[in-house]
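Printed here is start.pdb (PDB, C-alpha atoms, pLDDT in the B column):
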```pdb
ATOM      1  CA  MET A   1      36.162 -17.483 -35.684  1.00 55.00           C
ATOM      2  CA  GLY A   2      39.013 -14.969 -35.653  1.00 67.00           C
ATOM      3  CA  TRP A   3      42.727 -15.501 -36.063  1.00 84.00           C
ATOM      4  CA  VAL A   4      43.630 -19.082 -35.112  1.00 90.00           C
ATOM      5  CA  VAL A   5      47.120 -19.581 -33.711  1.00 91.00           C
ATOM      6  CA  GLU A   6      48.902 -22.928 -33.409  1.00 92.00           C
ATOM      7  CA  VAL A   7      50.589 -23.603 -30.060  1.00 92.00           C
ATOM      8  CA  LEU A   8      53.095 -26.456 -29.996  1.00 91.00           C
ATOM      9  CA  GLU A   9      54.079 -28.190 -26.759  1.00 92.00           C
ATOM     10  CA  PHE A  10      56.467 -31.059 -26.119  1.00 89.00           C
ATOM     11  CA  HIS A  11      55.301 -33.537 -23.495  1.00 87.00           C
ATOM     12  CA  GLU A  12      58.606 -34.171 -21.756  1.00 88.00           C
ATOM     13  CA  GLY A  13      57.544 -33.721 -18.136  1.00 89.00           C
ATOM     14  CA  LEU A  14      60.094 -31.471 -16.440  1.00 91.00           C
ATOM     15  CA  ARG A  15      62.943 -32.657 -18.661  1.00 89.00           C
ATOM     16  CA  GLY A  16      62.455 -30.619 -21.790  1.00 89.00           C
ATOM     17  CA  GLY A  17      58.747 -29.842 -21.647  1.00 89.00           C
ATOM     18  CA  SER A  18      57.328 -26.374 -22.266  1.00 92.00           C
ATOM     19  CA  TYR A  19      53.778 -25.473 -21.235  1.00 95.00           C
ATOM     20  CA  HIS A  20      51.593 -22.419 -21.793  1.00 96.00           C
ATOM     21  CA  PHE A  21      49.121 -21.111 -19.247  1.00 98.00           C
ATOM     22  CA  VAL A  22      46.634 -18.270 -19.629  1.00 98.00           C
ATOM     23  CA  VAL A  23      46.303 -15.976 -16.608  1.00 98.00           C
ATOM     24  CA  GLU A  24      42.600 -15.955 -15.784  1.00 96.00           C
ATOM     25  CA  GLY A  25      42.129 -13.885 -12.655  1.00 95.00           C
ATOM     26  CA  ARG A  26      43.982 -15.826  -9.953  1.00 97.00           C
ATOM     27  CA  ARG A  27      44.144 -19.024 -11.999  1.00 97.00           C
ATOM     28  CA  LEU A  28      46.677 -20.457 -14.443  1.00 98.00           C
ATOM     29  CA  VAL A  29      44.584 -22.187 -17.092  1.00 97.00           C
ATOM     30  CA  HIS A  30      46.384 -24.450 -19.544  1.00 97.00           C
ATOM     31  CA  ILE A  31      46.125 -23.356 -23.170  1.00 96.00           C
ATOM     32  CA  SER A  32      44.305 -26.584 -24.080  1.00 94.00           C
ATOM     33  CA  ARG A  33      41.177 -25.241 -22.318  1.00 94.00           C
ATOM     34  CA  TYR A  34      40.974 -22.509 -24.979  1.00 94.00           C
ATOM     35  CA  ALA A  35      41.715 -24.713 -27.982  1.00 92.00           C
ATOM     36  CA  SER A  36      39.034 -25.380 -30.586  1.00 88.00           C
ATOM     37  CA  ARG A  37      40.897 -28.578 -31.413  1.00 85.00           C
ATOM     38  CA  GLY A  38      44.134 -30.351 -30.650  1.00 84.00           C
ATOM     39  CA  GLU A  39      46.388 -33.005 -32.136  1.00 83.00           C
ATOM     40  CA  LYS A  40      48.743 -35.319 -30.256  1.00 83.00           C
ATOM     41  CA  SER A  41      51.546 -37.389 -31.736  1.00 80.00           C
ATOM     42  CA  HIS A  42      55.100 -38.454 -30.930  1.00 78.00           C
ATOM     43  CA  GLY A  43      55.233 -36.827 -27.499  1.00 81.00           C
ATOM     44  CA  MET A  44      53.917 -33.468 -28.592  1.00 87.00           C
ATOM     45  CA  SER A  45      50.624 -31.615 -28.865  1.00 89.00           C
ATOM     46  CA  ARG A  46      49.362 -28.941 -31.222  1.00 92.00           C
ATOM     47  CA  TYR A  47      46.577 -26.737 -29.929  1.00 93.00           C
ATOM     48  CA  TYR A  48      44.601 -24.453 -32.247  1.00 95.00           C
ATOM     49  CA  VAL A  49      43.385 -21.404 -30.350  1.00 94.00           C
ATOM     50  CA  ASP A  50      41.206 -18.517 -31.485  1.00 93.00           C
ATOM     51  CA  LEU A  51      43.335 -15.525 -30.511  1.00 93.00           C
ATOM     52  CA  ASP A  52      40.225 -13.426 -29.846  1.00 92.00           C
ATOM     53  CA  LYS A  53      39.390 -15.725 -26.895  1.00 92.00           C
ATOM     54  CA  ILE A  54      42.586 -14.824 -25.047  1.00 94.00           C
ATOM     55  CA  ARG A  55      43.268 -11.320 -26.356  1.00 94.00           C
ATOM     56  CA  GLY A  56      44.265  -8.901 -23.600  1.00 95.00           C
ATOM     57  CA  ARG A  57      45.444 -11.672 -21.277  1.00 96.00           C
ATOM     58  CA  THR A  58      48.895 -12.769 -20.205  1.00 97.00           C
ATOM     59  CA  ILE A  59      50.564 -16.046 -21.127  1.00 97.00           C
ATOM     60  CA  ILE A  60      52.921 -17.668 -18.632  1.00 97.00           C
ATOM     61  CA  GLU A  61      55.242 -20.252 -20.158  1.00 96.00           C
ATOM     62  CA  VAL A  62      56.817 -22.856 -17.865  1.00 96.00           C
ATOM     63  CA  SER A  63      59.840 -24.541 -19.415  1.00 93.00           C
ATOM     64  CA  SER A  64      62.592 -27.013 -18.627  1.00 92.00           C
ATOM     65  CA  SER A  65      65.706 -28.436 -20.215  1.00 90.00           C
ATOM     66  CA  ARG A  66      66.844 -32.047 -20.368  1.00 88.00           C
ATOM     67  CA  SER A  67      68.568 -31.539 -17.018  1.00 85.00           C
ATOM     68  CA  GLY A  68      65.495 -30.172 -15.263  1.00 87.00           C
ATOM     69  CA  PRO A  69      63.098 -27.263 -14.720  1.00 90.00           C
ATOM     70  CA  PHE A  70      64.120 -23.620 -15.059  1.00 93.00           C
ATOM     71  CA  GLU A  71      63.873 -21.356 -12.021  1.00 94.00           C
ATOM     72  CA  SER A  72      62.093 -18.636 -13.972  1.00 96.00           C
ATOM     73  CA  VAL A  73      58.981 -18.481 -16.127  1.00 97.00           C
ATOM     74  CA  THR A  74      58.295 -16.308 -19.162  1.00 97.00           C
ATOM     75  CA  ALA A  75      55.331 -13.933 -19.260  1.00 97.00           C
ATOM     76  CA  PHE A  76      54.147 -12.183 -22.432  1.00 97.00           C
ATOM     77  CA  PRO A  77      50.919 -10.802 -23.958  1.00 97.00           C
ATOM     78  CA  ALA A  78      48.638 -13.397 -25.523  1.00 96.00           C
ATOM     79  CA  GLU A  79      48.697 -11.354 -28.744  1.00 95.00           C
ATOM     80  CA  ASP A  80      52.385 -12.307 -29.112  1.00 95.00           C
ATOM     81  CA  LEU A  81      51.692 -16.036 -29.379  1.00 94.00           C
ATOM     82  CA  PRO A  82      51.852 -15.999 -33.210  1.00 91.00           C
ATOM     83  CA  LEU A  83      55.267 -14.307 -33.111  1.00 91.00           C
ATOM     84  CA  GLU A  84      58.629 -16.011 -33.071  1.00 90.00           C
ATOM     85  CA  TRP A  85      59.973 -16.504 -29.564  1.00 88.00           C
ATOM     86  CA  ASP A  86      62.585 -13.734 -29.781  1.00 89.00           C
ATOM     87  CA  LYS A  87      59.994 -11.241 -31.063  1.00 94.00           C
ATOM     88  CA  ARG A  88      57.662 -11.592 -28.093  1.00 94.00           C
ATOM     89  CA  ARG A  89      57.470  -8.877 -25.436  1.00 96.00           C
ATOM     90  CA  ARG A  90      58.583 -11.331 -22.825  1.00 95.00           C
ATOM     91  CA  GLN A  91      59.368 -10.805 -19.172  1.00 96.00           C
ATOM     92  CA  TYR A  92      61.245 -13.273 -16.977  1.00 97.00           C
ATOM     93  CA  LEU A  93      59.691 -13.867 -13.573  1.00 97.00           C
ATOM     94  CA  PRO A  94      60.819 -16.080 -10.677  1.00 97.00           C
ATOM     95  CA  ILE A  95      59.215 -19.513 -10.495  1.00 97.00           C
ATOM     96  CA  THR A  96      57.683 -18.431  -7.155  1.00 97.00           C
ATOM     97  CA  ILE A  97      55.137 -16.398  -9.148  1.00 97.00           C
ATOM     98  CA  VAL A  98      53.068 -19.606  -9.395  1.00 97.00           C
ATOM     99  CA  ASN A  99      52.430 -19.311  -5.637  1.00 97.00           C
ATOM    100  CA  ASP A 100      49.969 -16.524  -6.454  1.00 97.00           C
ATOM    101  CA  TYR A 101      47.707 -18.720  -8.601  1.00 98.00           C
ATOM    102  CA  GLU A 102      45.404 -21.712  -8.498  1.00 97.00           C
ATOM    103  CA  LEU A 103      45.993 -24.635 -10.868  1.00 97.00           C
ATOM    104  CA  PRO A 104      42.569 -25.807 -12.082  1.00 97.00           C
ATOM    105  CA  HIS A 105      43.995 -28.819 -13.946  1.00 97.00           C
ATOM    106  CA  LEU A 106      44.789 -30.586 -10.651  1.00 97.00           C
ATOM    107  CA  GLY A 107      42.555 -33.477  -9.673  1.00 95.00           C
ATOM    108  CA  PRO A 108      41.071 -34.325  -6.230  1.00 96.00           C
ATOM    109  CA  ARG A 109      43.960 -36.645  -5.265  1.00 96.00           C
ATOM    110  CA  GLU A 110      46.490 -33.917  -6.034  1.00 96.00           C
ATOM    111  CA  ARG A 111      44.563 -31.274  -4.126  1.00 96.00           C
ATOM    112  CA  GLN A 112      44.412 -33.630  -1.157  1.00 96.00           C
ATOM    113  CA  PHE A 113      48.196 -34.105  -1.362  1.00 97.00           C
ATOM    114  CA  LEU A 114      48.753 -30.340  -1.024  1.00 97.00           C
ATOM    115  CA  SER A 115      47.906 -30.501   2.701  1.00 96.00           C
ATOM    116  CA  GLU A 116      50.678 -33.096   3.077  1.00 97.00           C
ATOM    117  CA  TRP A 117      52.988 -30.897   0.987  1.00 97.00           C
ATOM    118  CA  ASP A 118      52.324 -27.916   3.280  1.00 97.00           C
ATOM    119  CA  GLY A 119      52.464 -29.834   6.553  1.00 96.00           C
ATOM    120  CA  TYR A 120      55.297 -32.222   5.820  1.00 96.00           C
ATOM    121  CA  TYR A 121      57.442 -31.578   2.752  1.00 97.00           C
ATOM    122  CA  ARG A 122      57.710 -27.783   2.849  1.00 97.00           C
ATOM    123  CA  PRO A 123      58.969 -27.872   6.468  1.00 96.00           C
ATOM    124  CA  MET A 124      61.500 -30.552   5.455  1.00 96.00           C
ATOM    125  CA  LEU A 125      62.641 -28.374   2.560  1.00 95.00           C
ATOM    126  CA  GLY A 126      62.889 -25.433   4.955  1.00 95.00           C
ATOM    127  CA  TYR A 127      65.198 -27.478   7.171  1.00 92.00           C
ATOM    128  CA  ILE A 128      67.321 -28.520   4.176  1.00 89.00           C
ATOM    129  CA  ARG A 129      67.443 -24.883   3.025  1.00 89.00           C
ATOM    130  CA  ARG A 130      68.705 -23.656   6.395  1.00 89.00           C
ATOM    131  CA  ALA A 131      71.213 -26.495   6.772  1.00 83.00           C
ATOM    132  CA  ALA A 132      72.460 -25.959   3.219  1.00 79.00           C
ATOM    133  CA  GLU A 133      73.207 -22.318   4.019  1.00 79.00           C
ATOM    134  CA  GLU A 134      75.359 -23.482   6.923  1.00 77.00           C
ATOM    135  CA  LEU A 135      76.932 -26.658   5.566  1.00 70.00           C
ATOM    136  CA  GLY A 136      76.452 -26.624   1.805  1.00 63.00           C
ATOM    137  CA  LEU A 137      74.178 -28.891  -0.213  1.00 60.00           C
ATOM    138  CA  PRO A 138      75.315 -32.164  -1.773  1.00 58.00           C
ATOM    139  CA  GLY A 139      75.143 -32.218  -5.544  1.00 60.00           C
ATOM    140  CA  ALA A 140      71.432 -32.824  -6.009  1.00 72.00           C
ATOM    141  CA  SER A 141      69.113 -32.952  -9.003  1.00 81.00           C
ATOM    142  CA  PRO A 142      67.868 -29.710 -10.565  1.00 87.00           C
ATOM    143  CA  LEU A 143      64.356 -30.665  -9.423  1.00 91.00           C
ATOM    144  CA  LEU A 144      65.404 -30.885  -5.764  1.00 90.00           C
ATOM    145  CA  ASN A 145      67.619 -27.801  -6.009  1.00 89.00           C
ATOM    146  CA  LEU A 146      64.682 -25.841  -7.432  1.00 93.00           C
ATOM    147  CA  HIS A 147      62.682 -26.522  -4.264  1.00 95.00           C
ATOM    148  CA  VAL A 148      65.594 -25.938  -1.911  1.00 92.00           C
ATOM    149  CA  ARG A 149      66.206 -22.501  -3.410  1.00 92.00           C
ATOM    150  CA  ASN A 150      62.518 -21.591  -3.762  1.00 95.00           C
ATOM    151  CA  ASP A 151      59.661 -22.089  -1.320  1.00 96.00           C
ATOM    152  CA  LEU A 152      56.944 -23.254  -3.702  1.00 97.00           C
ATOM    153  CA  ARG A 153      53.261 -23.592  -2.861  1.00 97.00           C
ATOM    154  CA  TYR A 154      53.060 -26.466  -5.324  1.00 98.00           C
ATOM    155  CA  PRO A 155      55.563 -29.221  -6.062  1.00 97.00           C
ATOM    156  CA  ALA A 156      56.932 -28.383  -9.518  1.00 97.00           C
ATOM    157  CA  PRO A 157      55.600 -31.656 -11.029  1.00 97.00           C
ATOM    158  CA  PHE A 158      52.083 -30.226 -10.577  1.00 97.00           C
ATOM    159  CA  LEU A 159      52.916 -27.741 -13.344  1.00 97.00           C
ATOM    160  CA  ILE A 160      52.850 -30.609 -15.873  1.00 96.00           C
ATOM    161  CA  PRO A 161      49.399 -29.976 -17.395  1.00 94.00           C
ATOM    162  CA  TYR A 162      48.755 -32.930 -19.685  1.00 91.00           C
ATOM    163  CA  SER A 163      48.768 -36.038 -17.456  1.00 91.00           C
ATOM    164  CA  GLU A 164      48.092 -36.825 -13.806  1.00 94.00           C
ATOM    165  CA  GLY A 165      50.220 -39.952 -14.249  1.00 94.00           C
ATOM    166  CA  ALA A 166      53.195 -37.874 -15.389  1.00 93.00           C
ATOM    167  CA  ARG A 167      52.701 -35.500 -12.471  1.00 96.00           C
ATOM    168  CA  PHE A 168      52.717 -38.286  -9.889  1.00 96.00           C
ATOM    169  CA  ALA A 169      55.686 -40.093 -11.460  1.00 95.00           C
ATOM    170  CA  SER A 170      57.728 -36.895 -11.181  1.00 95.00           C
ATOM    171  CA  LEU A 171      56.329 -36.164  -7.710  1.00 96.00           C
ATOM    172  CA  ASN A 172      57.375 -39.589  -6.406  1.00 95.00           C
ATOM    173  CA  ALA A 173      60.949 -38.944  -7.538  1.00 92.00           C
ATOM    174  CA  LEU A 174      60.917 -35.522  -5.882  1.00 94.00           C
ATOM    175  CA  THR A 175      59.555 -36.673  -2.518  1.00 95.00           C
ATOM    176  CA  ARG A 176      62.159 -39.480  -2.412  1.00 91.00           C
ATOM    177  CA  GLN A 177      64.931 -36.948  -2.952  1.00 89.00           C
ATOM    178  CA  ILE A 178      63.525 -34.637  -0.276  1.00 92.00           C
ATOM    179  CA  HIS A 179      63.577 -37.471   2.256  1.00 91.00           C
ATOM    180  CA  GLN A 180      67.125 -38.419   1.298  1.00 85.00           C
ATOM    181  CA  ALA A 181      68.477 -34.872   1.538  1.00 85.00           C
ATOM    182  CA  TRP A 182      66.632 -34.267   4.819  1.00 89.00           C
ATOM    183  CA  ILE A 183      68.129 -37.398   6.404  1.00 86.00           C
ATOM    184  CA  VAL A 184      71.639 -36.482   5.224  1.00 80.00           C
ATOM    185  CA  MET A 185      71.318 -32.969   6.611  1.00 82.00           C
ATOM    186  CA  LYS A 186      69.901 -34.264   9.910  1.00 84.00           C
ATOM    187  CA  ILE A 187      72.864 -36.613  10.333  1.00 79.00           C
ATOM    188  CA  LEU A 188      75.443 -33.967   9.518  1.00 74.00           C
ATOM    189  CA  LYS A 189      73.815 -31.386  11.771  1.00 74.00           C
ATOM    190  CA  GLU A 190      73.945 -33.824  14.703  1.00 73.00           C
ATOM    191  CA  LEU A 191      77.619 -34.712  14.298  1.00 66.00           C
ATOM    192  CA  PRO A 192      79.975 -33.508  17.066  1.00 52.00           C
ATOM    193  CA  THR A 193      80.699 -29.815  16.716  1.00 45.00           C
ATOM    194  CA  GLU A 194      84.440 -30.382  17.172  1.00 42.00           C
ATOM    195  CA  ILE A 195      84.649 -31.802  13.636  1.00 43.00           C
ATOM    196  CA  PRO A 196      85.909 -28.871  11.546  1.00 44.00           C
ATOM    197  CA  SER A 197      83.349 -27.706   9.003  1.00 46.00           C
ATOM    198  CA  SER A 198      86.046 -27.881   6.328  1.00 43.00           C
ATOM    199  CA  LEU A 199      85.955 -31.666   6.674  1.00 41.00           C
ATOM    200  CA  PHE A 200      82.201 -31.979   6.197  1.00 44.00           C
ATOM    201  CA  TRP A 201      81.926 -32.103   2.434  1.00 45.00           C
ATOM    202  CA  ARG A 202      83.674 -33.911  -0.352  1.00 43.00           C
ATOM    203  CA  LEU A 203      80.624 -34.404  -2.479  1.00 42.00           C
ATOM    204  CA  SER A 204      79.493 -36.845  -5.104  1.00 44.00           C
ATOM    205  CA  GLY A 205      75.823 -35.928  -5.009  1.00 53.00           C
ATOM    206  CA  PHE A 206      72.611 -37.907  -4.705  1.00 56.00           C
ATOM    207  CA  LYS A 207      73.295 -40.605  -7.267  1.00 56.00           C
ATOM    208  CA  GLN A 208      72.331 -44.211  -6.792  1.00 54.00           C
ATOM    209  CA  GLY A 209      75.231 -46.623  -7.136  1.00 55.00           C
ATOM    210  CA  SER A 210      77.822 -43.843  -7.246  1.00 58.00           C
ATOM    211  CA  SER A 211      81.471 -44.900  -7.001  1.00 62.00           C
ATOM    212  CA  ARG A 212      82.005 -42.084  -4.482  1.00 65.00           C
ATOM    213  CA  PRO A 213      80.246 -41.329  -1.191  1.00 67.00           C
ATOM    214  CA  ILE A 214      77.847 -38.453  -0.716  1.00 66.00           C
ATOM    215  CA  ALA A 215      80.142 -36.906   1.874  1.00 66.00           C
ATOM    216  CA  MET A 216      83.336 -37.450   3.809  1.00 67.00           C
ATOM    217  CA  VAL A 217      83.223 -36.525   7.495  1.00 66.00           C
ATOM    218  CA  GLY A 218      86.656 -36.855   9.015  1.00 66.00           C
ATOM    219  CA  SER A 219      87.678 -40.483   8.421  1.00 68.00           C
ATOM    220  CA  TYR A 220      84.114 -41.611   7.713  1.00 69.00           C
ATOM    221  CA  ALA A 221      82.229 -41.853   4.434  1.00 70.00           C
ATOM    222  CA  MET A 222      78.480 -41.404   3.999  1.00 70.00           C
ATOM    223  CA  TRP A 223      76.721 -43.534   1.378  1.00 68.00           C
ATOM    224  CA  TYR A 224      73.146 -44.266   0.447  1.00 59.00           C
ATOM    225  CA  GLU A 225      71.209 -46.407  -1.979  1.00 57.00           C
ATOM    226  CA  SER A 226      67.954 -45.034  -3.322  1.00 52.00           C
ATOM    227  CA  THR A 227      64.999 -47.421  -3.479  1.00 47.00           C
TER     228      THR A 227
END
```
Can you dump the structure from the file as structure tokens?
Amino acid sequence: MGWVVEVLEFHEGLRGGSYHFVVEGRRLVHISRYASRGEKSHGMSRYYVDLDKIRGRTIIEVSSSRSGPFESVTAFPAEDLPLEWDKRRRQYLPITIVNDYELPHLGPRERQFLSEWDGYYRPMLGYIRRAAEELGLPGASPLLNLHVRNDLRYPAPFLIPYSEGARFASLNALTRQIHQAWIVMKILKELPTEIPSSLFWRLSGFKQGSSRPIAMVGSYAMWYEST
């Protein structure tokens, strides 16, 4: 065995998690597939990887903050994994780079969902994107905003590598928000055109139980309660 490097990941979904993938042809393979052993405790994992197994390849790191996922990923040579973060030869790439790759950690149920994502949710997001350019977008979550601003082949929750349960929990929240934003935009787009656009928005955002409405349209307020 050559030089073994320790890779630490925090399992925080898309609210603080950071995950490392090895570019293997047209696939993004999670670093755990290359680990000789791993340890899990207190919401984190340590993977011990023989650097010789991934030498010459590229690492793509997908990260998020407590408020949500970042809209860029970090790419750097696998040889830089032992280095401190600021010493790595890193390159920032748009999150849409994941559209070019397969995700082998996805299970059959998730792969089946992708046809629904392509046929149903991506068109809805396209409608929201176009309406948002015309009307503005209510204050939405970073997860929803990520998909409104970027046409992603995968829902971002599918980038969580360690748990199908965590992926679907995050996915359920995302699809709910997509439906809510789509309905709001549909309603506002169908309102009489004589209402001045300046009166469309006085926004609170998509927050359940908010003390303010999502939008004010003339003398009318728009509310919703998430279920």
Give me, as a list in words, all polymer residues having an atom no more than 9 Å from A:Lys189, counting all atoms listed in the file and skipping those fewer than 5 positions away in the same chain. Ala131, Leu135 and Val184 of chain A
Every residue with an atom at most 8 Å from (38.4, -19.4, -24.5) (file coordinates; only C-alpha atoms) is what I'm after, so could you write them as a VMD selection string? chain A and resid 33 to 35 49 to 50 53 to 54
Can you tell me, as number ranges by chain, what residues are no more than 7 Å from A:Leu8 when counting all atoms listed in the file, ignoring any on the same chain fewer than 2 positions away? A: 6, 10, 45-47
Under the rule that all atoms listed in the file are counted, which of A:Glu71, A:Glu116, A:Glu39, A:Asp80 is the nearest residue to A:Pro94? A:Glu71
Selection dump of the PyMOL selection byres ((chain A and resi 152) around 10), as a PyMOL selection string: chain A and resi 95-99+117-118+122+125+146-151+153-156
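Among the candidates A:Gly68, A:Pro142, A:Gly119, A:Pro157, the residue lying nearest to A:Asn172 is A:Pro157 (atoms considered: only C-alpha atoms).
Nearest-residue note for A:Gly56: choosing from A:Ser36, A:Ile178, A:Leu81, A:Met44, the minimum distance belongs to A:Leu81, counting all atoms listed in the file.
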Determine the nearest neighbour of A:Ile59 from the options A:Arg90, A:Arg26, A:Arg37, A:His42, counting all atoms listed in the file. A:Arg90
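Using all atoms listed in the file, the smallest distance between any of A:Leu188, A:Leu103, A:Leu93, A:Val7 and A:Gly25 comes from A:Leu103.
Between atom CA of A:His11 and atom CA of A:Tyr162 lies a distance of 7.6 Å.
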If we count all atoms listed in the file, what is near A:Arg66 at a cut-off of 10 Å, once residues fewer than 3 positions away on the same chain are taken out, given as number ranges by chain? A: 12-17, 69
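Note that atom CA of A:Pro104 and atom CA of A:Glu24 are 10.5 Å apart.
One finds atom CA of A:Arg130 at 22.1 Å from atom CA of A:Ala173.
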Taking the file above as input, evaluate the PyMOL selection byres ((chain A and resi 79) around 10) and report the hits as a list in words. Val5, Leu51, Asp52, Ile54, Arg55, Gly56, Arg57, Thr58, Ile59, Phe76, Pro77, Ala78, Asp80, Leu81, Pro82, Leu83, Arg88 and Arg89 of chain A
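Nearest residue to A:Leu106 among A:Ala132, A:Ile60, A:Ile160, A:Leu143 is A:Ile160, counting all atoms listed in the file.
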Can you list what the PyMOL selection byres ((chain A and resi 110) around 10) grabs from this structure, as a PyMOL selection string? chain A and resi 105-109+111-115+154+158+164+167-168
Restore N, CA and C atoms in stretch 151-169 of chain A and list the result as a compact mmCIF listing (two decimals), in the frame of the given file.
```txt
# COMPACT_ATOMS: atom_id res chain seq x y z
N ASP A 151 60.76 -21.54 -2.11
CA ASP A 151 59.66 -22.09 -1.32
C ASP A 151 58.40 -22.05 -2.18
N LEU A 152 58.04 -23.19 -2.74
CA LEU A 152 56.94 -23.25 -3.70
C LEU A 152 55.67 -23.80 -3.06
N ARG A 153 54.57 -23.15 -3.35
CA ARG A 153 53.26 -23.59 -2.86
C ARG A 153 52.88 -24.94 -3.44
N TYR A 154 53.33 -25.20 -4.66
CA TYR A 154 53.06 -26.47 -5.32
C TYR A 154 54.38 -27.19 -5.59
N PRO A 155 54.39 -28.52 -5.52
CA PRO A 155 55.56 -29.22 -6.06
C PRO A 155 55.62 -28.96 -7.57
N ALA A 156 56.80 -28.73 -8.09
CA ALA A 156 56.93 -28.38 -9.52
C ALA A 156 56.28 -29.40 -10.45
N PRO A 157 56.28 -30.72 -10.14
CA PRO A 157 55.60 -31.66 -11.03
C PRO A 157 54.13 -31.33 -11.28
N PHE A 158 53.49 -30.57 -10.38
CA PHE A 158 52.08 -30.23 -10.58
C PHE A 158 51.90 -29.19 -11.69
N LEU A 159 53.01 -28.66 -12.21
CA LEU A 159 52.92 -27.74 -13.34
C LEU A 159 52.86 -28.50 -14.67
N ILE A 160 53.02 -29.81 -14.65
CA ILE A 160 52.85 -30.61 -15.87
C ILE A 160 51.35 -30.69 -16.15
N PRO A 161 50.85 -30.12 -17.24
CA PRO A 161 49.40 -29.98 -17.40
C PRO A 161 48.68 -31.14 -18.08
N TYR A 162 49.42 -32.02 -18.76
CA TYR A 162 48.76 -32.93 -19.68
C TYR A 162 48.43 -34.30 -19.11
N SER A 163 48.96 -34.67 -17.94
CA SER A 163 48.77 -36.04 -17.46
C SER A 163 48.97 -36.12 -15.95
N GLU A 164 47.94 -36.60 -15.24
CA GLU A 164 48.09 -36.83 -13.81
C GLU A 164 49.14 -37.89 -13.54
N GLY A 165 49.22 -38.90 -14.41
CA GLY A 165 50.22 -39.95 -14.25
C GLY A 165 51.63 -39.40 -14.32
N ALA A 166 51.87 -38.49 -15.26
CA ALA A 166 53.20 -37.87 -15.39
C ALA A 166 53.49 -37.01 -14.17
N ARG A 167 52.49 -36.33 -13.66
CA ARG A 167 52.70 -35.50 -12.47
C ARG A 167 53.11 -36.35 -11.27
N PHE A 168 52.42 -37.47 -11.06
CA PHE A 168 52.72 -38.29 -9.89
C PHE A 168 54.03 -39.05 -10.04
N ALA A 169 54.39 -39.43 -11.25
CA ALA A 169 55.69 -40.09 -11.46
C ALA A 169 56.82 -39.15 -11.08
```
